[in-house]
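Notes follow the structure.
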Amino acid sequence: MSTNTTPSPSLGRTGLRAGTAFAGAVFKSALLAILLGGGVFFFYISQLSGPGMPAARAGGAGAVIALLFSPSVLVALLLLGFMPLYLMLGIAQGRSRALRQVVLAHGDTIAQRLGAAIAGRVEAMPRTHGALQRSSEWLSVDALSRQLAPVLGEGRAVRAVIGFVLNRLPLSTLLADWQAGRAAHGGTEAGVEDPALRALLQQRIGETLQEMATPSRTPLYIALAAHALLLGFGLWLIA
């Protein structure tokens, strides 16, 4: 998350950068799916007439059925499945990169405004434990998106950031600790701002946004390794 003092880019410019980052990641994944996924598949198909595939040269309906149900053809189908897999990974990576642009440009503002919005809703909750359990209705993505729309806009990227934070933030634990601390100090009236709660929420939201701003390539590396292993196994079958 950016900590510099330069003015943040406008929401429109950030949206453009986020869209460009998403489109670039999807384009690269499409190339990977076609060149690597499709290339490996057609290479393997071209090897099915090798010495390890006598059914491919025998002819007749029986040979065709035997070929269709052979382990080698199953491997070919699995290899073909890597084409949509690479595309889906690219879409996920594109979303991460788009959200990263939003976080880098407006992370401090999002952490401050979202922390204040959540704190305000928590502070306004009744004191009973049953009411605390119903707070999930107040801390929904829809409710917070509407509240923050005048400041952060109504784009999908901002909504996705809010959803990501709510999913990752341990709100139940934070609220329980806050209630315990408030009770230990005699409590405060409902609706009164609690600076400690707001500072804690802003810090935890900032940490969560920092995690979002660092997309992982691990799923892609796992897919590439699995792809290579499957191709090697398939070539061993038909050797």
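By order of appearance in the structure tokens: chains A, B, ..., then residues from 1 within every chain, and ligands from 1 in the order shown.
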- [ ] Do a neighbour search on range 84-97 of chain A at 7 Å with only C-alpha atoms, toss out local chain neighbours closer than 2 positions, and write the hits as a list of chain:residue names.
- [x] A:Ala21, A:Phe22, A:Ala23, A:Ala25, A:Val26, A:Ser29, A:Ala30, A:Leu32, A:Ala33, A:Gly81, A:Phe82, A:Leu99, A:Arg100, A:Gln101, A:Pro215, A:Leu220
Open item on the list: When you look at range 35-48 of chain A with a cut-off of 8 Å (counting only C-alpha atoms), what residues show up, excluding the ones that are within fewer than 5 positions of it in the same chain? I need them as a list in words.
Closed with: Met53, Ala56, Ser72, Ala76, Leu79, Leu80, Phe82, Met83, Tyr86, Leu231, Gly234, Leu235 and Ile238 of chain A
TODO: Considering only C-alpha atoms, state which residue in the set A:Met212, A:Leu16, A:Val75, A:Val161 is at the smallest distance from His227 in chain A.
DONE: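 Closest residue, counting only C-alpha atoms: A:Val75.
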Task: Nearest candidate to Arg113 in chain A (options A:Ser70, A:Ser172, A:Gln203, A:Gln179; using only C-alpha atoms) - done: A:Gln203
Task: Thr208 in chain A environment, 9 Å, only C-alpha atoms, sequence neighbours closer than 4 positions dropped, as a list in words - done: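 In the requested form, the answer reads Phe164, Val165, Arg168, Leu169, Gln203, Arg204, Met212 and Ala213 of chain A.
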Can you write just those residues out, all heavy atoms, as a PDB file, in the first residue's frame?
ATOM      1  N   PHE A 164     -13.284  -8.242  -0.289  1.00  0.00           N
ATOM      2  CA  PHE A 164     -12.053  -8.938   0.090  1.00  0.00           C
ATOM      3  C   PHE A 164     -11.709  -8.650   1.546  1.00  0.00           C
ATOM      4  O   PHE A 164     -11.360  -9.561   2.310  1.00  0.00           O
ATOM      5  CB  PHE A 164     -10.910  -8.499  -0.821  1.00  0.00           C
ATOM      6  CG  PHE A 164      -9.602  -9.182  -0.548  1.00  0.00           C
ATOM      7  CD1 PHE A 164      -9.272 -10.362  -1.192  1.00  0.00           C
ATOM      8  CD2 PHE A 164      -8.695  -8.652   0.355  1.00  0.00           C
ATOM      9  CE1 PHE A 164      -8.061 -10.998  -0.944  1.00  0.00           C
ATOM     10  CE2 PHE A 164      -7.483  -9.275   0.613  1.00  0.00           C
ATOM     11  CZ  PHE A 164      -7.173 -10.453  -0.042  1.00  0.00           C
ATOM     12  N   VAL A 165     -11.817  -7.391   1.944  1.00  0.00           N
ATOM     13  CA  VAL A 165     -11.495  -7.016   3.322  1.00  0.00           C
ATOM     14  C   VAL A 165     -12.447  -7.691   4.303  1.00  0.00           C
ATOM     15  O   VAL A 165     -12.025  -8.230   5.330  1.00  0.00           O
ATOM     16  CB  VAL A 165     -11.540  -5.489   3.480  1.00  0.00           C
ATOM     17  CG1 VAL A 165     -11.443  -5.096   4.949  1.00  0.00           C
ATOM     18  CG2 VAL A 165     -10.407  -4.846   2.693  1.00  0.00           C
ATOM     19  N   ARG A 168     -11.582 -11.373   4.703  1.00  0.00           N
ATOM     20  CA  ARG A 168     -10.304 -11.675   5.352  1.00  0.00           C
ATOM     21  C   ARG A 168     -10.197 -11.111   6.758  1.00  0.00           C
ATOM     22  O   ARG A 168      -9.425 -11.615   7.569  1.00  0.00           O
ATOM     23  CB  ARG A 168      -9.154 -11.135   4.502  1.00  0.00           C
ATOM     24  CG  ARG A 168      -9.028 -11.773   3.134  1.00  0.00           C
ATOM     25  CD  ARG A 168      -8.701 -13.246   3.242  1.00  0.00           C
ATOM     26  NE  ARG A 168      -8.505 -13.855   1.940  1.00  0.00           N
ATOM     27  CZ  ARG A 168      -7.322 -13.956   1.343  1.00  0.00           C
ATOM     28  NH1 ARG A 168      -6.245 -13.492   1.933  1.00  0.00           N
ATOM     29  NH2 ARG A 168      -7.228 -14.531   0.149  1.00  0.00           N
ATOM     30  N   LEU A 169     -10.926 -10.061   7.044  1.00  0.00           N
ATOM     31  CA  LEU A 169     -10.808  -9.410   8.341  1.00  0.00           C
ATOM     32  C   LEU A 169     -11.515 -10.251   9.409  1.00  0.00           C
ATOM     33  O   LEU A 169     -12.692 -10.591   9.259  1.00  0.00           O
ATOM     34  CB  LEU A 169     -11.440  -8.012   8.278  1.00  0.00           C
ATOM     35  CG  LEU A 169     -11.012  -6.996   9.331  1.00  0.00           C
ATOM     36  CD1 LEU A 169      -9.533  -6.668   9.177  1.00  0.00           C
ATOM     37  CD2 LEU A 169     -11.844  -5.727   9.195  1.00  0.00           C
ATOM     38  N   GLN A 203      -5.658  -0.238  11.059  1.00  0.00           N
ATOM     39  CA  GLN A 203      -4.408  -0.983  10.956  1.00  0.00           C
ATOM     40  C   GLN A 203      -4.627  -2.355  10.328  1.00  0.00           C
ATOM     41  O   GLN A 203      -3.886  -2.762   9.422  1.00  0.00           O
ATOM     42  CB  GLN A 203      -3.780  -1.144  12.333  1.00  0.00           C
ATOM     43  CG  GLN A 203      -2.498  -1.980  12.325  1.00  0.00           C
ATOM     44  CD  GLN A 203      -1.969  -2.234  13.722  1.00  0.00           C
ATOM     45  OE1 GLN A 203      -2.503  -1.727  14.695  1.00  0.00           O
ATOM     46  NE2 GLN A 203      -0.924  -3.035  13.815  1.00  0.00           N
ATOM     47  N   ARG A 204      -5.657  -3.079  10.785  1.00  0.00           N
ATOM     48  CA  ARG A 204      -5.902  -4.417  10.266  1.00  0.00           C
ATOM     49  C   ARG A 204      -6.365  -4.379   8.821  1.00  0.00           C
ATOM     50  O   ARG A 204      -6.010  -5.240   8.009  1.00  0.00           O
ATOM     51  CB  ARG A 204      -6.934  -5.142  11.140  1.00  0.00           C
ATOM     52  CG  ARG A 204      -6.485  -5.372  12.567  1.00  0.00           C
ATOM     53  CD  ARG A 204      -5.217  -6.193  12.640  1.00  0.00           C
ATOM     54  NE  ARG A 204      -5.414  -7.532  12.133  1.00  0.00           N
ATOM     55  CZ  ARG A 204      -5.805  -8.564  12.891  1.00  0.00           C
ATOM     56  NH1 ARG A 204      -5.984  -8.389  14.196  1.00  0.00           N
ATOM     57  NH2 ARG A 204      -5.971  -9.753  12.365  1.00  0.00           N
ATOM     58  N   MET A 212      -3.550  -7.962  -0.324  1.00  0.00           N
ATOM     59  CA  MET A 212      -4.223  -7.946  -1.620  1.00  0.00           C
ATOM     60  C   MET A 212      -3.317  -7.371  -2.696  1.00  0.00           C
ATOM     61  O   MET A 212      -3.349  -7.814  -3.851  1.00  0.00           O
ATOM     62  CB  MET A 212      -5.503  -7.116  -1.527  1.00  0.00           C
ATOM     63  CG  MET A 212      -6.167  -6.861  -2.870  1.00  0.00           C
ATOM     64  SD  MET A 212      -7.581  -5.760  -2.732  1.00  0.00           S
ATOM     65  CE  MET A 212      -8.764  -6.867  -2.004  1.00  0.00           C
ATOM     66  N   ALA A 213      -2.492  -6.406  -2.337  1.00  0.00           N
ATOM     67  CA  ALA A 213      -1.639  -5.740  -3.320  1.00  0.00           C
ATOM     68  C   ALA A 213      -0.444  -6.590  -3.731  1.00  0.00           C
ATOM     69  O   ALA A 213       0.363  -6.149  -4.539  1.00  0.00           O
ATOM     70  CB  ALA A 213      -1.146  -4.403  -2.762  1.00  0.00           C
TER      71      ALA A 213
END
Contacts of Gly163 in chain A at 12 Å or less, counting only C-alpha atoms, minus same-chain residues fewer than 2 places along, as a PDB file with N, CA, C and O atoms, in the first residue's frame?
ATOM      1  N   LEU A  99      -7.262  -5.087  -8.741  1.00  0.00           N
ATOM      2  CA  LEU A  99      -7.457  -4.649  -7.367  1.00  0.00           C
ATOM      3  C   LEU A  99      -6.177  -4.031  -6.805  1.00  0.00           C
ATOM      4  O   LEU A  99      -6.233  -3.107  -5.988  1.00  0.00           O
ATOM      5  N   LEU A 114     -13.035   2.934   5.246  1.00  0.00           N
ATOM      6  CA  LEU A 114     -13.699   1.670   5.558  1.00  0.00           C
ATOM      7  C   LEU A 114     -13.602   1.369   7.049  1.00  0.00           C
ATOM      8  O   LEU A 114     -14.571   0.884   7.656  1.00  0.00           O
ATOM      9  N   LEU A 139     -22.832  -5.079   8.427  1.00  0.00           N
ATOM     10  CA  LEU A 139     -21.484  -5.058   7.875  1.00  0.00           C
ATOM     11  C   LEU A 139     -21.413  -5.836   6.574  1.00  0.00           C
ATOM     12  O   LEU A 139     -20.462  -6.557   6.322  1.00  0.00           O
ATOM     13  N   SER A 140     -22.420  -5.706   5.746  1.00  0.00           N
ATOM     14  CA  SER A 140     -22.434  -6.391   4.462  1.00  0.00           C
ATOM     15  C   SER A 140     -21.731  -5.544   3.413  1.00  0.00           C
ATOM     16  O   SER A 140     -21.545  -4.327   3.580  1.00  0.00           O
ATOM     17  N   VAL A 141     -21.339  -6.190   2.321  1.00  0.00           N
ATOM     18  CA  VAL A 141     -20.681  -5.473   1.228  1.00  0.00           C
ATOM     19  C   VAL A 141     -21.619  -4.418   0.652  1.00  0.00           C
ATOM     20  O   VAL A 141     -21.201  -3.284   0.355  1.00  0.00           O
ATOM     21  N   ASP A 142     -22.891  -4.768   0.491  1.00  0.00           N
ATOM     22  CA  ASP A 142     -23.856  -3.825  -0.080  1.00  0.00           C
ATOM     23  C   ASP A 142     -23.985  -2.572   0.786  1.00  0.00           C
ATOM     24  O   ASP A 142     -23.965  -1.445   0.279  1.00  0.00           O
ATOM     25  N   ALA A 143     -24.140  -2.784   2.100  1.00  0.00           N
ATOM     26  CA  ALA A 143     -24.343  -1.649   2.991  1.00  0.00           C
ATOM     27  C   ALA A 143     -23.125  -0.733   3.015  1.00  0.00           C
ATOM     28  O   ALA A 143     -23.250   0.495   2.921  1.00  0.00           O
ATOM     29  N   LEU A 144     -21.945  -1.315   3.130  1.00  0.00           N
ATOM     30  CA  LEU A 144     -20.733  -0.496   3.187  1.00  0.00           C
ATOM     31  C   LEU A 144     -20.434   0.157   1.841  1.00  0.00           C
ATOM     32  O   LEU A 144     -19.925   1.285   1.794  1.00  0.00           O
ATOM     33  N   SER A 145     -20.732  -0.547   0.738  1.00  0.00           N
ATOM     34  CA  SER A 145     -20.511   0.048  -0.584  1.00  0.00           C
ATOM     35  C   SER A 145     -21.389   1.271  -0.784  1.00  0.00           C
ATOM     36  O   SER A 145     -20.937   2.298  -1.317  1.00  0.00           O
ATOM     37  N   ARG A 156     -16.852  -1.659  -9.667  1.00  0.00           N
ATOM     38  CA  ARG A 156     -16.723  -3.051  -9.256  1.00  0.00           C
ATOM     39  C   ARG A 156     -15.443  -3.290  -8.482  1.00  0.00           C
ATOM     40  O   ARG A 156     -15.411  -4.113  -7.562  1.00  0.00           O
ATOM     41  N   ALA A 157     -14.392  -2.585  -8.858  1.00  0.00           N
ATOM     42  CA  ALA A 157     -13.116  -2.793  -8.181  1.00  0.00           C
ATOM     43  C   ALA A 157     -13.208  -2.399  -6.712  1.00  0.00           C
ATOM     44  O   ALA A 157     -12.724  -3.119  -5.834  1.00  0.00           O
ATOM     45  N   VAL A 158     -13.834  -1.259  -6.430  1.00  0.00           N
ATOM     46  CA  VAL A 158     -13.979  -0.823  -5.039  1.00  0.00           C
ATOM     47  C   VAL A 158     -14.845  -1.804  -4.273  1.00  0.00           C
ATOM     48  O   VAL A 158     -14.539  -2.162  -3.121  1.00  0.00           O
ATOM     49  N   ARG A 159     -15.904  -2.260  -4.887  1.00  0.00           N
ATOM     50  CA  ARG A 159     -16.777  -3.241  -4.243  1.00  0.00           C
ATOM     51  C   ARG A 159     -16.012  -4.537  -3.969  1.00  0.00           C
ATOM     52  O   ARG A 159     -16.192  -5.161  -2.916  1.00  0.00           O
ATOM     53  N   ALA A 160     -15.181  -4.939  -4.912  1.00  0.00           N
ATOM     54  CA  ALA A 160     -14.387  -6.155  -4.715  1.00  0.00           C
ATOM     55  C   ALA A 160     -13.393  -5.983  -3.573  1.00  0.00           C
ATOM     56  O   ALA A 160     -13.143  -6.925  -2.809  1.00  0.00           O
ATOM     57  N   VAL A 161     -12.810  -4.785  -3.457  1.00  0.00           N
ATOM     58  CA  VAL A 161     -11.881  -4.521  -2.360  1.00  0.00           C
ATOM     59  C   VAL A 161     -12.605  -4.630  -1.019  1.00  0.00           C
ATOM     60  O   VAL A 161     -12.106  -5.256  -0.071  1.00  0.00           O
ATOM     61  N   VAL A 165     -11.817  -7.391   1.944  1.00  0.00           N
ATOM     62  CA  VAL A 165     -11.495  -7.016   3.322  1.00  0.00           C
ATOM     63  C   VAL A 165     -12.447  -7.691   4.303  1.00  0.00           C
ATOM     64  O   VAL A 165     -12.025  -8.230   5.330  1.00  0.00           O
ATOM     65  N   LEU A 166     -13.738  -7.673   4.000  1.00  0.00           N
ATOM     66  CA  LEU A 166     -14.713  -8.281   4.913  1.00  0.00           C
ATOM     67  C   LEU A 166     -14.502  -9.783   5.029  1.00  0.00           C
ATOM     68  O   LEU A 166     -14.716 -10.364   6.099  1.00  0.00           O
ATOM     69  N   ASN A 167     -14.080 -10.417   3.939  1.00  0.00           N
ATOM     70  CA  ASN A 167     -13.853 -11.865   3.981  1.00  0.00           C
ATOM     71  C   ASN A 167     -12.594 -12.226   4.765  1.00  0.00           C
ATOM     72  O   ASN A 167     -12.546 -13.286   5.400  1.00  0.00           O
ATOM     73  N   ARG A 168     -11.582 -11.373   4.703  1.00  0.00           N
ATOM     74  CA  ARG A 168     -10.304 -11.675   5.352  1.00  0.00           C
ATOM     75  C   ARG A 168     -10.197 -11.111   6.758  1.00  0.00           C
ATOM     76  O   ARG A 168      -9.425 -11.615   7.569  1.00  0.00           O
ATOM     77  N   LEU A 169     -10.926 -10.061   7.044  1.00  0.00           N
ATOM     78  CA  LEU A 169     -10.808  -9.410   8.341  1.00  0.00           C
ATOM     79  C   LEU A 169     -11.515 -10.251   9.409  1.00  0.00           C
ATOM     80  O   LEU A 169     -12.692 -10.591   9.259  1.00  0.00           O
ATOM     81  N   ILE A 205      -7.153  -3.372   8.467  1.00  0.00           N
ATOM     82  CA  ILE A 205      -7.585  -3.233   7.074  1.00  0.00           C
ATOM     83  C   ILE A 205      -6.393  -2.907   6.190  1.00  0.00           C
ATOM     84  O   ILE A 205      -6.256  -3.423   5.078  1.00  0.00           O
ATOM     85  N   THR A 208      -4.550  -6.042   5.536  1.00  0.00           N
ATOM     86  CA  THR A 208      -5.289  -6.872   4.590  1.00  0.00           C
ATOM     87  C   THR A 208      -5.136  -6.352   3.164  1.00  0.00           C
ATOM     88  O   THR A 208      -4.971  -7.125   2.216  1.00  0.00           O
ATOM     89  N   LEU A 209      -5.184  -5.034   3.002  1.00  0.00           N
ATOM     90  CA  LEU A 209      -5.001  -4.450   1.674  1.00  0.00           C
ATOM     91  C   LEU A 209      -3.589  -4.676   1.159  1.00  0.00           C
ATOM     92  O   LEU A 209      -3.381  -4.868  -0.047  1.00  0.00           O
ATOM     93  N   MET A 212      -3.550  -7.962  -0.324  1.00  0.00           N
ATOM     94  CA  MET A 212      -4.223  -7.946  -1.620  1.00  0.00           C
ATOM     95  C   MET A 212      -3.317  -7.371  -2.696  1.00  0.00           C
ATOM     96  O   MET A 212      -3.349  -7.814  -3.851  1.00  0.00           O
TER      97      MET A 212
END
Task: Distance criterion (only C-alpha atoms): nearest to Pro170 in chain A out of A:Leu224, A:Leu77, A:Ala18, A:Leu200 - done: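 Among the listed residues, A:Leu200 lies closest to Pro170 in chain A.
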Open item on the list: Taking only C-alpha atoms into account, name the residue in A:Leu175, A:Gly153, A:Val102, A:Arg146 that is nearest to Glu123 in chain A.
Closed with: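 Ranking A:Leu175, A:Gly153, A:Val102, A:Arg146 by distance to Glu123 in chain A, first place goes to A:Leu175.
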